[in-house]
Amino acid sequence: SKQGFRVVSFDYRGFGASSPFSTKREMLYYEEFTKDFLSVLTKINELYPQNKIGVLGFSMGTIIAFQAASQSASKNRIAFIIADNPI
């Protein structure tokens, strides 16, 4: 924030403080995760239409980042993705 960035943290359904969501341990990815993330991106675009969006994804979070970018790169204006240990 001190460097001029707005930071938004995102928890998948069933993780952190998000709503409960039944998952199977062997499943790394659910379509609902990308759907939720796209909703967050849409809201960010509404609040800050002039800003570029960068996404930082760790491990399984990279799946959602790349899925979101491929589904709506122009609509949600993802300028870049930093993928740490991508799957």
# chains A, B, ... in the order shown; residues from 1 in each chain; ligands from 1
>>> select_by_dssp(residues="chain A", states="helix (DSSP H, G or I)", output="PDB file with N, CA and C atoms, in the first residue's frame")
ATOM      1  N   GLU A  31     -14.508 -25.355 -10.184  1.00  0.00           N
ATOM      2  CA  GLU A  31     -14.953 -24.234 -11.029  1.00  0.00           C
ATOM      3  C   GLU A  31     -15.451 -23.060 -10.188  1.00  0.00           C
ATOM      4  N   GLU A  32     -16.039 -23.361  -9.043  1.00  0.00           N
ATOM      5  CA  GLU A  32     -16.570 -22.306  -8.169  1.00  0.00           C
ATOM      6  C   GLU A  32     -15.476 -21.337  -7.726  1.00  0.00           C
ATOM      7  N   PHE A  33     -14.236 -21.826  -7.576  1.00  0.00           N
ATOM      8  CA  PHE A  33     -13.140 -20.948  -7.164  1.00  0.00           C
ATOM      9  C   PHE A  33     -12.915 -19.854  -8.202  1.00  0.00           C
ATOM     10  N   THR A  34     -12.885 -20.229  -9.470  1.00  0.00           N
ATOM     11  CA  THR A  34     -12.693 -19.246 -10.535  1.00  0.00           C
ATOM     12  C   THR A  34     -13.899 -18.324 -10.627  1.00  0.00           C
ATOM     13  N   LYS A  35     -15.091 -18.870 -10.499  1.00  0.00           N
ATOM     14  CA  LYS A  35     -16.305 -18.051 -10.533  1.00  0.00           C
ATOM     15  C   LYS A  35     -16.258 -16.974  -9.453  1.00  0.00           C
ATOM     16  N   ASP A  36     -15.874 -17.348  -8.243  1.00  0.00           N
ATOM     17  CA  ASP A  36     -15.780 -16.391  -7.144  1.00  0.00           C
ATOM     18  C   ASP A  36     -14.708 -15.340  -7.421  1.00  0.00           C
ATOM     19  N   PHE A  37     -13.569 -15.784  -7.937  1.00  0.00           N
ATOM     20  CA  PHE A  37     -12.473 -14.859  -8.221  1.00  0.00           C
ATOM     21  C   PHE A  37     -12.877 -13.862  -9.313  1.00  0.00           C
ATOM     22  N   LEU A  38     -13.591 -14.337 -10.331  1.00  0.00           N
ATOM     23  CA  LEU A  38     -14.073 -13.431 -11.379  1.00  0.00           C
ATOM     24  C   LEU A  38     -15.032 -12.387 -10.805  1.00  0.00           C
ATOM     25  N   SER A  39     -15.828 -12.779  -9.821  1.00  0.00           N
ATOM     26  CA  SER A  39     -16.719 -11.823  -9.155  1.00  0.00           C
ATOM     27  C   SER A  39     -15.917 -10.747  -8.428  1.00  0.00           C
ATOM     28  N   VAL A  40     -14.836 -11.155  -7.782  1.00  0.00           N
ATOM     29  CA  VAL A  40     -13.968 -10.194  -7.091  1.00  0.00           C
ATOM     30  C   VAL A  40     -13.350  -9.241  -8.113  1.00  0.00           C
ATOM     31  N   LEU A  41     -12.861  -9.777  -9.232  1.00  0.00           N
ATOM     32  CA  LEU A  41     -12.261  -8.926 -10.273  1.00  0.00           C
ATOM     33  C   LEU A  41     -13.273  -7.933 -10.832  1.00  0.00           C
ATOM     34  N   THR A  42     -14.491  -8.385 -11.036  1.00  0.00           N
ATOM     35  CA  THR A  42     -15.540  -7.499 -11.542  1.00  0.00           C
ATOM     36  C   THR A  42     -15.777  -6.348 -10.574  1.00  0.00           C
ATOM     37  N   LYS A  43     -15.830  -6.652  -9.285  1.00  0.00           N
ATOM     38  CA  LYS A  43     -16.033  -5.607  -8.268  1.00  0.00           C
ATOM     39  C   LYS A  43     -14.860  -4.636  -8.237  1.00  0.00           C
ATOM     40  N   ILE A  44     -13.647  -5.147  -8.340  1.00  0.00           N
ATOM     41  CA  ILE A  44     -12.468  -4.279  -8.362  1.00  0.00           C
ATOM     42  C   ILE A  44     -12.534  -3.336  -9.557  1.00  0.00           C
ATOM     43  N   ASN A  45     -12.942  -3.866 -10.712  1.00  0.00           N
ATOM     44  CA  ASN A  45     -13.078  -3.029 -11.909  1.00  0.00           C
ATOM     45  C   ASN A  45     -14.134  -1.955 -11.735  1.00  0.00           C
ATOM     46  N   GLU A  46     -15.214  -2.264 -11.025  1.00  0.00           N
ATOM     47  CA  GLU A  46     -16.251  -1.268 -10.766  1.00  0.00           C
ATOM     48  C   GLU A  46     -15.732  -0.161  -9.845  1.00  0.00           C
ATOM     49  N   LEU A  47     -14.988  -0.548  -8.822  1.00  0.00           N
ATOM     50  CA  LEU A  47     -14.488   0.420  -7.848  1.00  0.00           C
ATOM     51  C   LEU A  47     -13.326   1.252  -8.378  1.00  0.00           C
ATOM     52  N   GLY A  61      -3.396 -21.572  -6.279  1.00  0.00           N
ATOM     53  CA  GLY A  61      -3.964 -20.278  -6.645  1.00  0.00           C
ATOM     54  C   GLY A  61      -3.604 -19.863  -8.058  1.00  0.00           C
ATOM     55  N   THR A  62      -2.524 -20.430  -8.591  1.00  0.00           N
ATOM     56  CA  THR A  62      -2.153 -20.108  -9.964  1.00  0.00           C
ATOM     57  C   THR A  62      -3.158 -20.677 -10.958  1.00  0.00           C
ATOM     58  N   ILE A  63      -3.790 -21.783 -10.605  1.00  0.00           N
ATOM     59  CA  ILE A  63      -4.815 -22.360 -11.485  1.00  0.00           C
ATOM     60  C   ILE A  63      -5.941 -21.356 -11.666  1.00  0.00           C
ATOM     61  N   ILE A  64      -6.407 -20.792 -10.575  1.00  0.00           N
ATOM     62  CA  ILE A  64      -7.502 -19.846 -10.624  1.00  0.00           C
ATOM     63  C   ILE A  64      -7.090 -18.580 -11.361  1.00  0.00           C
ATOM     64  N   ALA A  65      -5.879 -18.110 -11.126  1.00  0.00           N
ATOM     65  CA  ALA A  65      -5.391 -16.904 -11.803  1.00  0.00           C
ATOM     66  C   ALA A  65      -5.377 -17.093 -13.314  1.00  0.00           C
ATOM     67  N   PHE A  66      -4.831 -18.218 -13.782  1.00  0.00           N
ATOM     68  CA  PHE A  66      -4.761 -18.458 -15.225  1.00  0.00           C
ATOM     69  C   PHE A  66      -6.137 -18.731 -15.822  1.00  0.00           C
ATOM     70  N   GLN A  67      -6.997 -19.422 -15.095  1.00  0.00           N
ATOM     71  CA  GLN A  67      -8.361 -19.657 -15.573  1.00  0.00           C
ATOM     72  C   GLN A  67      -9.102 -18.328 -15.722  1.00  0.00           C
ATOM     73  N   ALA A  68      -8.989 -17.477 -14.735  1.00  0.00           N
ATOM     74  CA  ALA A  68      -9.672 -16.181 -14.784  1.00  0.00           C
ATOM     75  C   ALA A  68      -9.148 -15.336 -15.940  1.00  0.00           C
ATOM     76  N   ALA A  69      -7.846 -15.338 -16.124  1.00  0.00           N
ATOM     77  CA  ALA A  69      -7.256 -14.549 -17.210  1.00  0.00           C
ATOM     78  C   ALA A  69      -7.705 -15.062 -18.571  1.00  0.00           C
ATOM     79  N   SER A  70      -7.796 -16.372 -18.728  1.00  0.00           N
ATOM     80  CA  SER A  70      -8.176 -16.924 -20.027  1.00  0.00           C
ATOM     81  C   SER A  70      -9.667 -16.753 -20.312  1.00  0.00           C
ATOM     82  N   GLN A  71     -10.481 -16.671 -19.276  1.00  0.00           N
ATOM     83  CA  GLN A  71     -11.924 -16.556 -19.469  1.00  0.00           C
ATOM     84  C   GLN A  71     -12.384 -15.128 -19.716  1.00  0.00           C
ATOM     85  N   SER A  72     -11.617 -14.166 -19.229  1.00  0.00           N
ATOM     86  CA  SER A  72     -12.116 -12.795 -19.357  1.00  0.00           C
ATOM     87  C   SER A  72     -11.002 -11.762 -19.290  1.00  0.00           C
ATOM     88  N   ALA A  73      -9.925 -11.983 -20.006  1.00  0.00           N
ATOM     89  CA  ALA A  73      -8.785 -11.068 -19.934  1.00  0.00           C
ATOM     90  C   ALA A  73      -9.172  -9.627 -20.281  1.00  0.00           C
ATOM     91  N   SER A  74      -9.967  -9.425 -21.299  1.00  0.00           N
ATOM     92  CA  SER A  74     -10.321  -8.060 -21.671  1.00  0.00           C
ATOM     93  C   SER A  74     -11.360  -7.468 -20.725  1.00  0.00           C
ATOM     94  N   LYS A  75     -12.329  -8.288 -20.299  1.00  0.00           N
ATOM     95  CA  LYS A  75     -13.401  -7.799 -19.419  1.00  0.00           C
ATOM     96  C   LYS A  75     -12.859  -7.365 -18.062  1.00  0.00           C
ATOM     97  N   ASN A  76     -11.973  -8.154 -17.488  1.00  0.00           N
ATOM     98  CA  ASN A  76     -11.478  -7.867 -16.143  1.00  0.00           C
ATOM     99  C   ASN A  76     -10.080  -7.261 -16.123  1.00  0.00           C
TER     100      ASN A  76
END
>>> select_by_dssp(residues="chain A", states="strand (DSSP E or B)", output="number ranges by chain")
A: 53-58, 78-84
>>> residues_around(residues="Ala79 of chain A", least_positions_apart="2", cutoff="8 Å", atoms="only C-alpha atoms", output="ChimeraX atom specification")
/A:52-54,77,81
>>> write_last_selection(atoms="N, CA, C and O atoms", output="PDB file, in the first residue's frame")
ATOM      1  N   LYS A  52      -4.841  -0.710 -13.270  1.00  0.00           N
ATOM      2  CA  LYS A  52      -4.478  -2.017 -13.816  1.00  0.00           C
ATOM      3  C   LYS A  52      -4.566  -3.042 -12.695  1.00  0.00           C
ATOM      4  O   LYS A  52      -4.408  -2.717 -11.521  1.00  0.00           O
ATOM      5  N   ILE A  53      -4.790  -4.296 -13.082  1.00  0.00           N
ATOM      6  CA  ILE A  53      -4.891  -5.368 -12.094  1.00  0.00           C
ATOM      7  C   ILE A  53      -3.768  -6.365 -12.310  1.00  0.00           C
ATOM      8  O   ILE A  53      -3.565  -6.863 -13.422  1.00  0.00           O
ATOM      9  N   GLY A  54      -3.045  -6.636 -11.253  1.00  0.00           N
ATOM     10  CA  GLY A  54      -2.044  -7.696 -11.243  1.00  0.00           C
ATOM     11  C   GLY A  54      -2.494  -8.760 -10.271  1.00  0.00           C
ATOM     12  O   GLY A  54      -3.139  -8.459  -9.257  1.00  0.00           O
ATOM     13  N   ARG A  77      -9.525  -7.031 -17.277  1.00  0.00           N
ATOM     14  CA  ARG A  77      -8.262  -6.296 -17.419  1.00  0.00           C
ATOM     15  C   ARG A  77      -7.126  -6.789 -16.521  1.00  0.00           C
ATOM     16  O   ARG A  77      -6.495  -6.020 -15.825  1.00  0.00           O
ATOM     17  N   ILE A  81       0.250 -11.582 -14.295  1.00  0.00           N
ATOM     18  CA  ILE A  81       0.125 -12.603 -13.257  1.00  0.00           C
ATOM     19  C   ILE A  81       1.529 -12.950 -12.779  1.00  0.00           C
ATOM     20  O   ILE A  81       2.422 -13.187 -13.600  1.00  0.00           O
TER      21      ILE A  81
END
>>> residues_around(residues="Pro86 of chain A", least_positions_apart="6", cutoff="7 Å", atoms="only C-alpha atoms", output="MDAnalysis selection string")
chainID A and resid 58:60 62
>>> atom_distance(atom1="atom CA of Gly57 of chain A", atom2="atom CA of Ser22 of chain A")
22.2 Å
